[in-house]
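Participant: My structure file model_36.txt, compact mmCIF, C-alpha atoms and all ligand atoms, is below:
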# COMPACT_ATOMS: atom_id res chain seq x y z
CA MET N 19 -16.86 -3.55 -40.42
CA LYS N 20 -14.63 -3.72 -37.34
CA ASP N 21 -15.19 -6.50 -34.88
CA PRO N 22 -16.53 -4.58 -31.82
CA LYS N 23 -14.88 -7.08 -29.47
CA ALA N 24 -11.48 -6.49 -31.04
CA SER N 25 -11.89 -2.71 -31.02
CA SER N 26 -12.24 -2.70 -27.22
CA THR N 27 -8.89 -4.45 -27.00
CA TYR N 28 -5.75 -2.43 -26.34
CA ALA N 29 -2.12 -3.45 -26.70
CA PHE N 30 0.82 -1.69 -25.02
CA ARG N 31 4.37 -2.17 -26.29
CA ALA N 32 7.47 -1.52 -24.14
CA ALA N 33 9.86 -3.49 -21.96
CA ILE N 34 7.65 -5.40 -19.51
CA LEU N 35 8.55 -6.85 -16.12
CA HIS N 36 6.34 -8.56 -13.58
CA SER N 37 6.71 -10.84 -10.59
CA LEU N 38 5.59 -14.46 -10.66
CA GLY N 39 6.27 -15.21 -7.01
CA ASN N 40 8.41 -14.49 -3.98
CA PRO N 41 12.12 -14.70 -4.94
CA THR N 42 12.89 -16.01 -1.46
CA GLU N 43 10.62 -19.01 -2.01
CA ARG N 44 10.99 -19.59 -5.75
CA GLY N 45 14.57 -18.53 -6.36
CA LEU N 46 15.36 -15.35 -8.22
CA GLU N 47 15.29 -16.80 -11.74
CA ASP N 48 11.79 -18.25 -11.44
CA SER N 49 10.36 -15.27 -9.61
CA TYR N 50 9.79 -12.92 -12.55
CA ALA N 51 9.13 -12.62 -16.28
CA TYR N 52 10.82 -9.99 -18.42
CA PHE N 53 10.18 -9.10 -22.03
CA ASP N 54 12.74 -6.71 -23.46
CA ASP N 55 10.35 -5.85 -26.31
CA GLY N 56 7.01 -6.90 -24.85
CA ILE N 57 3.31 -6.48 -25.43
CA LEU N 58 0.58 -6.32 -22.81
CA VAL N 59 -2.88 -7.00 -24.24
CA VAL N 60 -5.84 -5.63 -22.30
CA ALA N 61 -9.61 -5.82 -22.80
CA ASP N 62 -12.47 -4.69 -20.58
CA GLY N 63 -10.09 -3.72 -17.82
CA HIS N 64 -8.39 -7.12 -17.68
CA VAL N 65 -5.12 -8.62 -18.85
CA ILE N 66 -5.61 -10.87 -21.86
CA ARG N 67 -2.01 -11.75 -22.52
CA VAL N 68 1.59 -10.65 -21.97
CA GLY N 69 4.65 -11.75 -23.89
CA ASP N 70 7.27 -10.97 -26.54
CA ALA N 71 6.20 -8.54 -29.25
CA LYS N 72 7.44 -10.88 -31.96
CA ASP N 73 5.03 -13.59 -30.75
CA ILE N 74 2.04 -11.39 -30.00
CA LEU N 75 2.07 -8.81 -32.82
CA PRO N 76 1.20 -11.29 -35.60
CA THR N 77 -1.82 -12.47 -33.61
CA LEU N 78 -3.38 -9.03 -33.08
CA ASP N 79 -6.44 -8.05 -35.09
CA ASP N 80 -6.04 -4.82 -37.13
CA ALA N 81 -8.70 -3.18 -35.01
CA VAL N 82 -6.67 -3.52 -31.82
CA SER N 83 -5.31 -0.17 -30.72
CA LEU N 84 -1.54 -0.40 -30.21
CA THR N 85 0.36 2.13 -28.09
CA THR N 86 4.15 2.01 -28.13
CA PHE N 87 6.15 3.49 -25.25
CA GLU N 88 9.76 4.13 -26.31
CA ASN N 89 12.46 3.56 -23.67
CA LYS N 90 9.91 2.69 -21.07
CA LEU N 91 9.33 -0.18 -18.65
CA ILE N 92 5.85 -1.43 -17.82
CA THR N 93 5.37 -3.01 -14.39
CA PRO N 94 2.23 -3.81 -12.40
CA GLY N 95 0.83 -0.83 -10.50
CA PHE N 96 2.39 -0.34 -7.07
CA ILE N 97 0.53 -1.47 -3.97
CA ASP N 98 0.85 0.57 -0.79
CA THR N 99 -0.08 -1.62 2.18
CA HIS N 100 -0.25 1.21 4.74
CA ILE N 101 -0.97 4.90 4.29
CA HIS N 102 -3.02 7.69 5.94
CA TYR N 103 -4.85 9.94 3.46
CA PRO N 104 -5.67 12.59 6.14
CA GLN N 105 -1.97 13.09 6.81
CA THR N 106 -1.25 14.39 3.30
CA GLY N 107 -1.29 17.95 4.64
CA MET N 108 1.24 17.32 7.42
CA ILE N 109 3.83 15.08 5.76
CA ALA N 110 7.38 16.18 6.67
CA ALA N 111 6.61 17.51 10.19
CA TYR N 112 9.80 18.28 12.08
CA GLY N 113 11.42 16.95 15.18
CA GLU N 114 9.41 14.29 17.05
CA GLN N 115 9.15 10.58 17.61
CA LEU N 116 5.83 8.74 17.43
CA LEU N 117 3.84 9.81 20.50
CA ASP N 118 4.77 13.51 20.41
CA TRP N 119 4.42 13.53 16.63
CA LEU N 120 0.84 12.26 17.04
CA ASN N 121 -0.04 14.86 19.67
CA ASN N 122 1.71 17.84 18.12
CA TYR N 123 1.05 17.36 14.42
CA THR N 124 -1.25 14.46 13.57
CA PHE N 125 -4.22 14.98 15.86
CA PRO N 126 -4.54 18.73 15.12
CA GLU N 127 -4.60 17.99 11.37
CA GLU N 128 -7.03 15.07 11.68
CA LYS N 129 -9.49 17.32 13.58
CA ARG N 130 -9.99 19.25 10.35
CA PHE N 131 -11.71 16.23 8.76
CA LYS N 132 -14.90 17.03 10.63
CA ASP N 133 -15.41 19.37 7.66
CA VAL N 134 -16.53 17.14 4.78
CA ASP N 135 -15.47 19.66 2.13
CA TYR N 136 -11.95 19.69 3.51
CA ALA N 137 -11.94 15.88 3.67
CA ARG N 138 -12.98 15.68 0.01
CA LYS N 139 -10.36 18.20 -1.04
CA VAL N 140 -7.62 16.17 0.66
CA ALA N 141 -8.99 12.86 -0.67
CA VAL N 142 -8.77 14.21 -4.23
CA GLN N 143 -5.26 15.55 -3.68
CA PHE N 144 -4.24 12.22 -2.13
CA LEU N 145 -5.63 10.10 -4.97
CA ASP N 146 -3.95 12.38 -7.52
CA GLU N 147 -0.68 11.90 -5.66
CA LEU N 148 -1.06 8.11 -5.65
CA ALA N 149 -1.64 8.13 -9.42
CA ARG N 150 1.33 10.46 -9.98
CA ASN N 151 3.47 7.91 -8.13
CA GLY N 152 2.16 4.84 -9.94
CA THR N 153 0.25 3.47 -6.95
CA THR N 154 -2.95 1.77 -8.03
CA SER N 155 -4.05 0.05 -4.80
CA ALA N 156 -3.66 0.99 -1.15
CA LEU N 157 -4.79 0.16 2.36
CA VAL N 158 -5.80 3.53 3.76
CA PHE N 159 -6.53 5.04 7.18
CA GLY N 160 -9.29 7.67 7.37
CA THR N 161 -9.93 9.71 10.52
CA VAL N 162 -12.37 9.04 13.33
CA HIS N 163 -15.07 10.90 11.33
CA LYS N 164 -17.18 8.47 9.33
CA GLU N 165 -17.65 11.12 6.62
CA SER N 166 -13.90 11.13 5.99
CA VAL N 167 -14.15 7.55 4.77
CA ASP N 168 -17.39 8.08 2.92
CA VAL N 169 -15.87 10.84 0.75
CA PHE N 170 -12.70 8.83 0.28
CA PHE N 171 -14.67 5.89 -1.11
CA GLN N 172 -16.74 8.23 -3.29
CA GLU N 173 -13.62 9.66 -4.88
CA ALA N 174 -11.94 6.24 -5.25
CA GLU N 175 -15.11 4.89 -6.87
CA LYS N 176 -15.09 7.71 -9.46
CA ARG N 177 -11.62 6.51 -10.51
CA ASN N 178 -12.51 2.82 -10.27
CA LEU N 179 -9.51 2.04 -8.06
CA ARG N 180 -9.03 -1.12 -6.00
CA MET N 181 -8.83 0.45 -2.54
CA ILE N 182 -9.29 -0.67 1.06
CA ALA N 183 -10.07 1.93 3.73
CA GLY N 184 -11.64 2.37 7.14
CA LYS N 185 -12.77 4.81 9.80
CA VAL N 186 -10.41 5.17 12.75
CA LEU N 187 -11.66 3.73 16.04
CA MET N 188 -10.33 5.75 18.96
CA ASP N 189 -12.20 6.03 22.26
CA ARG N 190 -9.46 7.17 24.67
CA ASN N 191 -6.08 8.88 25.01
CA ALA N 192 -6.83 11.34 22.22
CA PRO N 193 -8.41 14.82 22.05
CA GLU N 194 -12.12 14.77 22.84
CA ASP N 195 -13.15 15.93 19.39
CA LEU N 196 -11.24 13.00 17.87
CA THR N 197 -12.81 10.23 19.91
CA ASP N 198 -15.78 8.02 19.32
CA THR N 199 -17.33 5.52 21.76
CA PRO N 200 -17.28 1.73 21.49
CA GLU N 201 -20.94 1.82 20.40
CA SER N 202 -20.71 4.73 17.93
CA GLY N 203 -17.46 3.37 16.45
CA TYR N 204 -19.13 0.01 15.96
CA ALA N 205 -22.30 1.49 14.44
CA ASP N 206 -20.44 3.89 12.11
CA SER N 207 -18.09 1.14 10.92
CA LYS N 208 -21.03 -1.18 10.32
CA ALA N 209 -22.85 1.46 8.25
CA LEU N 210 -19.71 2.05 6.16
CA ILE N 211 -19.24 -1.71 5.65
CA GLU N 212 -22.84 -2.06 4.48
CA LYS N 213 -22.44 0.85 2.11
CA TRP N 214 -18.97 0.26 0.66
CA HIS N 215 -17.49 -3.17 1.34
CA ASN N 216 -17.09 -5.13 -1.93
CA LYS N 217 -18.80 -2.35 -3.89
CA GLY N 218 -16.97 -2.59 -7.21
CA ARG N 219 -13.27 -2.62 -6.35
CA LEU N 220 -13.66 -1.17 -2.84
CA HIS N 221 -13.27 -2.96 0.48
CA TYR N 222 -13.58 -2.03 4.14
CA ALA N 223 -10.98 -2.36 6.90
CA VAL N 224 -11.97 -2.18 10.59
CA THR N 225 -9.36 0.35 11.76
CA PRO N 226 -8.56 0.74 15.48
CA ARG N 227 -5.74 3.34 15.43
CA PHE N 228 -3.52 1.36 17.86
CA ALA N 229 -3.95 -0.34 21.22
CA PRO N 230 -3.30 2.80 23.35
CA THR N 231 -6.26 4.71 21.87
CA SER N 232 -8.89 1.97 22.20
CA THR N 233 -10.43 0.49 25.32
CA SER N 234 -10.81 -3.24 25.61
CA GLU N 235 -14.52 -2.70 25.02
CA GLN N 236 -13.86 -1.01 21.69
CA LEU N 237 -11.41 -3.71 20.58
CA SER N 238 -14.03 -6.36 21.46
CA LEU N 239 -16.56 -4.64 19.23
CA ALA N 240 -13.94 -4.46 16.46
CA GLY N 241 -13.61 -8.25 16.84
CA LYS N 242 -17.40 -8.57 16.70
CA LEU N 243 -17.45 -6.73 13.36
CA LEU N 244 -14.85 -9.15 11.98
CA GLN N 245 -17.02 -12.07 13.09
CA GLU N 246 -20.08 -10.54 11.47
CA TYR N 247 -18.25 -9.73 8.23
CA PRO N 248 -15.55 -12.39 7.80
CA ASP N 249 -14.07 -10.94 4.60
CA VAL N 250 -13.66 -7.43 6.03
CA TYR N 251 -10.07 -6.42 6.84
CA LEU N 252 -8.40 -5.43 10.11
CA HIS N 253 -5.87 -2.59 9.84
CA THR N 254 -3.90 -1.12 12.74
CA HIS N 255 -0.42 -0.24 14.05
CA LEU N 256 1.84 -2.59 16.02
CA SER N 257 5.13 -2.34 17.86
CA GLU N 258 6.55 0.73 16.16
CA ASN N 259 8.32 2.63 18.93
CA PRO N 260 9.75 1.68 22.36
CA SER N 261 7.72 4.29 24.32
CA GLU N 262 4.56 3.13 22.59
CA ILE N 263 5.29 -0.49 23.53
CA ALA N 264 5.93 0.44 27.18
CA TRP N 265 2.62 2.33 27.20
CA VAL N 266 0.74 -0.68 25.82
CA ASN N 267 2.26 -2.86 28.56
CA GLU N 268 1.00 -0.39 31.18
CA LEU N 269 -2.49 -0.10 29.68
CA PHE N 270 -2.95 -3.86 29.18
CA PRO N 271 -0.99 -5.45 32.08
CA ASP N 272 -2.71 -8.81 31.61
CA SER N 273 -1.52 -9.21 28.02
CA LYS N 274 1.63 -11.21 27.28
CA ASN N 275 2.84 -8.64 24.76
CA TYR N 276 1.61 -5.95 22.32
CA LEU N 277 0.25 -8.35 19.70
CA ASP N 278 -1.50 -10.34 22.42
CA VAL N 279 -3.77 -7.33 23.05
CA TYR N 280 -5.12 -7.63 19.51
CA ASP N 281 -5.08 -11.44 19.66
CA HIS N 282 -7.14 -11.44 22.87
CA HIS N 283 -9.84 -9.44 21.07
CA GLY N 284 -9.99 -11.73 18.02
CA LEU N 285 -8.23 -9.37 15.62
CA LEU N 286 -5.68 -11.73 14.03
CA SER N 287 -6.37 -13.44 10.71
CA SER N 288 -5.19 -13.65 7.12
CA ARG N 289 -7.11 -10.44 6.50
CA SER N 290 -5.27 -8.53 9.26
CA ILE N 291 -2.54 -6.06 8.35
CA PHE N 292 -0.31 -4.58 11.04
CA ALA N 293 1.83 -1.56 10.23
CA HIS N 294 5.49 -1.62 11.38
CA GLY N 295 6.17 -4.57 13.72
CA VAL N 296 9.70 -3.27 14.21
CA HIS N 297 10.29 -4.62 17.72
CA LEU N 298 8.44 -7.94 17.87
CA CYS N 299 9.44 -10.84 20.13
CA GLU N 300 9.56 -14.49 19.08
CA GLY N 301 6.10 -15.22 20.43
CA GLU N 302 4.56 -12.33 18.50
CA CYS N 303 6.25 -13.45 15.26
CA GLN N 304 4.96 -16.97 15.78
CA ARG N 305 1.36 -15.78 16.27
CA LEU N 306 1.51 -13.54 13.19
CA SER N 307 2.76 -16.49 11.19
CA ASP N 308 0.26 -18.99 12.63
CA THR N 309 -2.68 -16.71 11.89
CA GLY N 310 -1.55 -15.66 8.38
CA SER N 311 -1.48 -12.01 9.42
CA ALA N 312 0.60 -9.54 7.40
CA ILE N 313 3.02 -6.75 8.26
CA ALA N 314 3.39 -3.49 6.34
CA PHE N 315 7.09 -2.60 6.19
CA CYS N 316 7.30 1.21 6.16
CA PRO N 317 10.98 2.17 5.85
CA THR N 318 10.70 5.91 5.24
CA SER N 319 8.43 6.24 8.26
CA ASN N 320 10.59 4.05 10.51
CA LEU N 321 13.62 6.19 9.66
CA PHE N 322 11.79 9.53 9.83
CA LEU N 323 10.27 8.91 13.27
CA GLY N 324 13.44 7.18 14.48
CA SER N 325 11.39 4.04 15.19
CA GLY N 326 13.96 1.40 14.29
CA LEU N 327 15.10 -1.08 11.65
CA PHE N 328 12.55 -3.63 10.45
CA PRO N 329 14.07 -7.14 10.40
CA LEU N 330 12.61 -8.15 7.04
CA ASN N 331 14.52 -11.38 6.56
CA LYS N 332 13.76 -12.60 10.06
CA MET N 333 10.04 -11.95 9.53
CA GLU N 334 10.01 -13.77 6.22
CA ALA N 335 11.94 -16.68 7.67
CA LYS N 336 9.09 -17.01 10.18
CA GLY N 337 6.65 -17.23 7.28
CA ILE N 338 5.06 -13.81 7.89
CA LYS N 339 3.60 -12.04 4.85
CA VAL N 340 5.20 -8.63 4.32
CA GLY N 341 4.12 -5.79 2.02
CA MET N 342 5.59 -2.32 1.50
CA GLY N 343 3.90 0.72 3.00
CA THR N 344 4.70 4.41 2.64
CA ASP N 345 2.89 5.36 5.88
CA VAL N 346 2.48 8.94 4.69
CA GLY N 347 2.46 11.32 6.68
CA ALA N 348 5.06 9.71 8.98
CA GLY N 349 6.51 8.32 5.77
CA THR N 350 8.27 10.93 3.70
CA SER N 351 7.29 9.93 0.17
CA PHE N 352 4.24 8.68 -1.73
CA SER N 353 6.65 6.95 -4.10
CA LEU N 354 7.01 3.19 -3.76
CA LEU N 355 10.25 3.58 -5.75
CA GLN N 356 11.63 5.81 -3.00
CA THR N 357 10.21 3.43 -0.40
CA MET N 358 12.12 0.54 -2.01
CA SER N 359 15.27 2.64 -1.97
CA GLU N 360 14.93 3.32 1.76
CA ALA N 361 14.09 -0.34 2.40
CA TYR N 362 17.41 -1.23 0.81
CA LYS N 363 19.22 1.16 3.17
CA VAL N 364 17.37 -0.21 6.21
CA MET N 365 18.63 -3.67 5.26
CA GLN N 366 22.16 -2.34 4.68
CA LEU N 367 22.16 -0.96 8.22
CA GLN N 368 21.46 -4.51 9.40
CA GLY N 369 24.24 -5.98 7.25
CA GLU N 370 21.76 -7.56 4.83
CA LYS N 371 20.94 -7.20 1.17
CA LEU N 372 17.63 -6.48 -0.51
CA HIS N 373 17.63 -7.55 -4.15
CA PRO N 374 15.80 -5.17 -6.53
CA LEU N 375 13.62 -8.00 -7.86
CA LYS N 376 12.62 -8.79 -4.29
CA SER N 377 11.73 -5.13 -3.71
CA LEU N 378 9.67 -5.08 -6.87
CA TYR N 379 7.88 -8.23 -5.72
CA GLN N 380 7.06 -6.66 -2.39
CA ALA N 381 5.75 -3.46 -3.95
CA THR N 382 3.49 -5.40 -6.36
CA LEU N 383 2.58 -9.08 -6.04
CA GLY N 384 3.82 -9.39 -2.44
CA GLY N 385 1.72 -6.38 -1.45
CA ALA N 386 -1.28 -7.90 -3.23
CA LYS N 387 -0.77 -11.14 -1.29
CA ALA N 388 -0.43 -9.25 2.00
CA LEU N 389 -3.78 -7.59 1.24
CA SER N 390 -5.39 -10.79 -0.13
CA ILE N 391 -6.14 -9.05 -3.43
CA ASP N 392 -3.69 -11.13 -5.46
CA GLU N 393 -6.46 -12.93 -7.30
CA HIS N 394 -7.27 -9.53 -8.85
CA VAL N 395 -4.00 -7.55 -9.12
CA GLY N 396 -0.25 -7.74 -8.49
CA ASN N 397 1.03 -9.09 -11.80
CA PHE N 398 0.03 -9.65 -15.43
CA GLU N 399 -1.40 -13.14 -15.19
CA ALA N 400 -4.19 -13.47 -17.77
CA GLY N 401 -7.55 -12.51 -16.25
CA LYS N 402 -6.18 -10.12 -13.64
CA GLU N 403 -7.19 -6.47 -13.61
CA ALA N 404 -5.05 -4.27 -15.83
CA ASP N 405 -3.45 -1.97 -13.26
CA PHE N 406 -0.03 -0.94 -14.51
CA VAL N 407 2.57 1.78 -14.56
CA VAL N 408 4.74 2.98 -17.44
CA LEU N 409 8.13 3.93 -16.05
CA ASP N 410 10.64 6.23 -17.72
CA LEU N 411 14.14 4.90 -17.20
CA HIS N 412 15.52 8.21 -18.54
CA ALA N 413 13.35 10.47 -16.39
CA THR N 414 16.21 12.70 -15.25
CA GLN N 415 19.55 13.60 -16.77
CA LEU N 416 21.32 11.60 -14.10
CA MET N 417 19.11 8.53 -14.58
CA LYS N 418 19.66 8.65 -18.34
CA PHE N 419 23.43 8.91 -17.91
CA ARG N 420 23.54 6.22 -15.23
CA MET N 421 21.33 3.84 -17.28
CA GLU N 422 23.96 3.95 -20.04
CA HIS N 423 26.31 2.31 -17.56
CA THR N 424 24.00 -0.54 -16.61
CA HIS N 425 24.62 -4.05 -17.86
CA SER N 426 21.67 -6.09 -16.67
CA LEU N 427 17.99 -5.90 -15.83
CA GLU N 428 18.86 -6.06 -12.12
CA ASP N 429 21.20 -3.08 -12.54
CA GLN N 430 18.57 -1.05 -14.36
CA LEU N 431 15.92 -1.87 -11.82
CA PHE N 432 18.16 -0.98 -8.91
CA VAL N 433 19.09 2.38 -10.46
CA LEU N 434 15.41 3.04 -11.18
CA MET N 435 14.42 2.44 -7.57
CA THR N 436 17.41 4.27 -6.10
CA LEU N 437 17.23 7.40 -8.25
CA GLY N 438 13.60 7.29 -9.35
CA ASP N 439 10.47 8.80 -7.84
CA ASP N 440 7.32 10.39 -9.29
CA ARG N 441 9.45 11.88 -12.07
CA ALA N 442 9.94 8.34 -13.39
CA VAL N 443 6.20 7.66 -13.69
CA ALA N 444 5.17 8.45 -17.28
CA HIS N 445 1.66 6.97 -17.11
CA THR N 446 -0.50 5.14 -14.61
CA TYR N 447 -3.30 2.82 -15.74
CA SER N 448 -6.09 1.52 -13.56
CA TYR N 449 -8.49 -1.13 -14.85
CA GLY N 450 -7.09 -0.59 -18.35
CA HIS N 451 -7.69 3.18 -18.29
CA CYS N 452 -5.05 5.88 -18.10
CA VAL N 453 -5.53 7.77 -14.82
CA TYR N 454 -2.35 9.81 -14.99
CA SER N 455 0.10 11.04 -17.64
CA LYS N 456 3.16 13.12 -16.89
CA THR N 457 2.90 16.37 -18.76
CA SER N 458 6.45 17.44 -19.54
N1 LIG Z 1 0.49 4.86 15.60
C1 LIG Z 1 -0.75 5.33 15.90
N2 LIG Z 1 -1.16 6.23 15.01
C2 LIG Z 1 -0.19 6.35 14.11
C3 LIG Z 1 -0.05 7.14 12.92
O1 LIG Z 1 -0.92 7.92 12.53
N3 LIG Z 1 1.12 6.99 12.24
C4 LIG Z 1 2.08 6.12 12.65
N4 LIG Z 1 3.20 6.01 11.92
N5 LIG Z 1 1.97 5.38 13.76
C5 LIG Z 1 0.85 5.49 14.47
ZN ZN Z 2 0.57 4.58 10.04
Produce structure tokens that represent the structure in this file.
Facilitator:
Amino acid sequence: MKDPKASSTYAFRAAILHSLGNPTERGLEDSYAYFDDGILVVADGHVIRVGDAKDILPTLDDAVSLTTFENKLITPGFIDTHIHYPQTGMIAAYGEQLLDWLNNYTFPEEKRFKDVDYARKVAVQFLDELARNGTTSALVFGTVHKESVDVFFQEAEKRNLRMIAGKVLMDRNAPEDLTDTPESGYADSKALIEKWHNKGRLHYAVTPRFAPTSTSEQLSLAGKLLQEYPDVYLHTHLSENPSEIAWVNELFPDSKNYLDVYDHHGLLSSRSIFAHGVHLCEGECQRLSDTGSAIAFCPTSNLFLGSGLFPLNKMEAKGIKVGMGTDVGAGTSFSLLQTMSEAYKVMQLQGEKLHPLKSLYQATLGGAKALSIDEHVGNFEAGKEADFVVLDLHATQLMKFRMEHTHSLEDQLFVLMTLGDDRAVAHTYSYGHCVYSKTS
């Protein structure tokens, strides 16, 4: 008779790569582990072991199910530290920078989420798209409608994904049918926290859209929620666009700078994630660093909206945690591979390099650290949740041809992230279960 414990164990054989730490802190060589012919052993949704096939194969019980992926690379699932699910239907909207883009495209689309059936339809499409792109965790904006977040969590729960999301708080400078009040925003957020925060793999983020669309009263109540629920997240936008920054200075004349508006209302901590931070001054960088707050670097969005070039190395030198975000729908791709490719170009434009192993770190373990979920996901340390992606290095004719001309892991990885996108994702696994397989 088969040992029932062994039969719930699964082993996956392929090349395997995962990050062990930040290359900038540890040095490149000590920042990753790579197994050319590797095995990842998984049981009950968790990583049991990872290593060379020659070491692990002899130790596996006959009952263990072994799946071999030829010419594939297994990495941890990608982690998107900033994305808007309600903007799935208006990605790639032409011609505007941030404030006009919000008024002309974003707000009209977000109004549609009053309809719960529409919200569910988009949530399903969105989660399918994440899986197709190998993204297993994300920090997600809803809309101002509490139902938009309720259906999002319902759909994420069905798939057992580790997700963080929140209802938008917005009580001014937006269309009337997209605003709440300080009191209703507080009460709706509280109800969602009580219902969803820490339910399975789900977590709640208090989500003021950005300083211009919240009164000081609303931001104070956001701070009150963080006091009442200390492990709840704070998720908002910061210093993305020059006109936005000028507007914040007008609306909050007593604040020293943009970040100071959030700081004044008690919104900075190691569970706070600020999207963009493209134009921060020294004082703002220092406060982010001192409070352990994180920035979501969103290169495709920053290029698409003409927002500016994120100074990644400067931020890291200040000790600020940085993760990668797609920021769909201002971002132009759900793919973290494409996001890494654009991040590289953003650094090139600043005369700096972004090593592919560093990019991989930021899209996996670094993202997990930015979101404080690294005790659960981000790499293949034994005991972590088995969220992983099986990548096809030969996904297109060009990738196959180009891979034949690579001479190192770094080369292969760089080609993968420069030429790859959802076509390179063969399978996505969440909590040890396959949630997506490419069909052709
Ligand atoms: N600032 C305020 N709202 C938004 C948004 O929806 N997208 C982006 N990129 N920036 C914002
Ligand atoms: Zn955004």
Participant: Rounded to one decimal place, report the atom CA of Glu47 of chain N-atom CA of His394 of chain N distance in Å.
Facilitator: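 Answer for the atom CA of Glu47 of chain N to atom CA of His394 of chain N separation: 23.9 Å.
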Participant: When you look at Ala110 of chain N with a cut-off of 12 Å (counting only C-alpha atoms), what residues show up, excluding the ones that are within fewer than 5 positions of it in the same chain? I need them as a PyMOL selection string.
Facilitator: chain N and resi 105+119+123-124+318-319+322-323+345-352
Participant: Quick one: pull the distance between atom CA of Asp70 of chain N and atom CA of Ser49 of chain N, Å, one decimal.
Facilitator: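 Spanning atom CA of Asp70 of chain N to atom CA of Ser49 of chain N is a straight-line distance of 17.7 Å.
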Participant: Restricting the calculation to only C-alpha atoms and all ligand atoms: of N:His253, N:Lys336, N:His294, N:Lys213, which residue gets closest to ligand LIG 1 (chain Z)?
Facilitator: N:His294
Participant: Residues within 6 Å of ligand LIG 1 (chain Z), counting all atoms listed in the file: report them as a PDB file with C-alpha atoms, in the frame of the given file.
Facilitator:
ATOM      1  CA  ARG N 227      -5.740   3.340  15.430  1.00  0.00           C
ATOM      2  CA  PHE N 228      -3.520   1.360  17.860  1.00  0.00           C
ATOM      3  CA  HIS N 255      -0.420  -0.240  14.050  1.00  0.00           C
ATOM      4  CA  ALA N 348       5.060   9.710   8.980  1.00  0.00           C
TER       5      ALA N 348
END
Participant: Could you work out how far atom CA of Ile182 of chain N lies from atom CA of Ala209 of chain N, giving the answer in Å with one decimal?
Facilitator: 15.5 Å
Participant: Near Val142 of chain N, counting all atoms listed in the file, which residues have an atom at most 12 Å away, once you skip same-chain residues fewer than 6 positions from it, shown as a list in words?
Facilitator: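 So, after excluding close chain neighbours, the residues are Tyr103, Pro104, Thr106, Asp135, Tyr136, Leu148, Ala149, Ser166, Val169, Phe170, Phe171, Gln172, Glu173, Ala174, Glu175, Lys176 and Arg177 of chain N.
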Participant: Nearest residue to Asp281 of chain N out of N:Glu127, N:Asp308, N:Glu258, N:Asp198, using only C-alpha atoms?
Facilitator: N:Asp308
Participant: Using all atoms listed in the file for the distances, tell me which of N:Ala264, N:Leu286, N:Leu116, N:Leu416 is nearest to Gln245 of chain N.
Facilitator: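 Smallest distance to Gln245 of chain N is found for N:Leu286.
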Participant: Excluding Thr154 of chain N and any residue of its chain fewer than 3 positions from it, enumerate the residues within 10 Å of it, using only C-alpha atoms, and give them as a ChimeraX atom specification.
Facilitator: /N:94-98,145,148-151,178-181,382,395-396,405-407,446-449,453
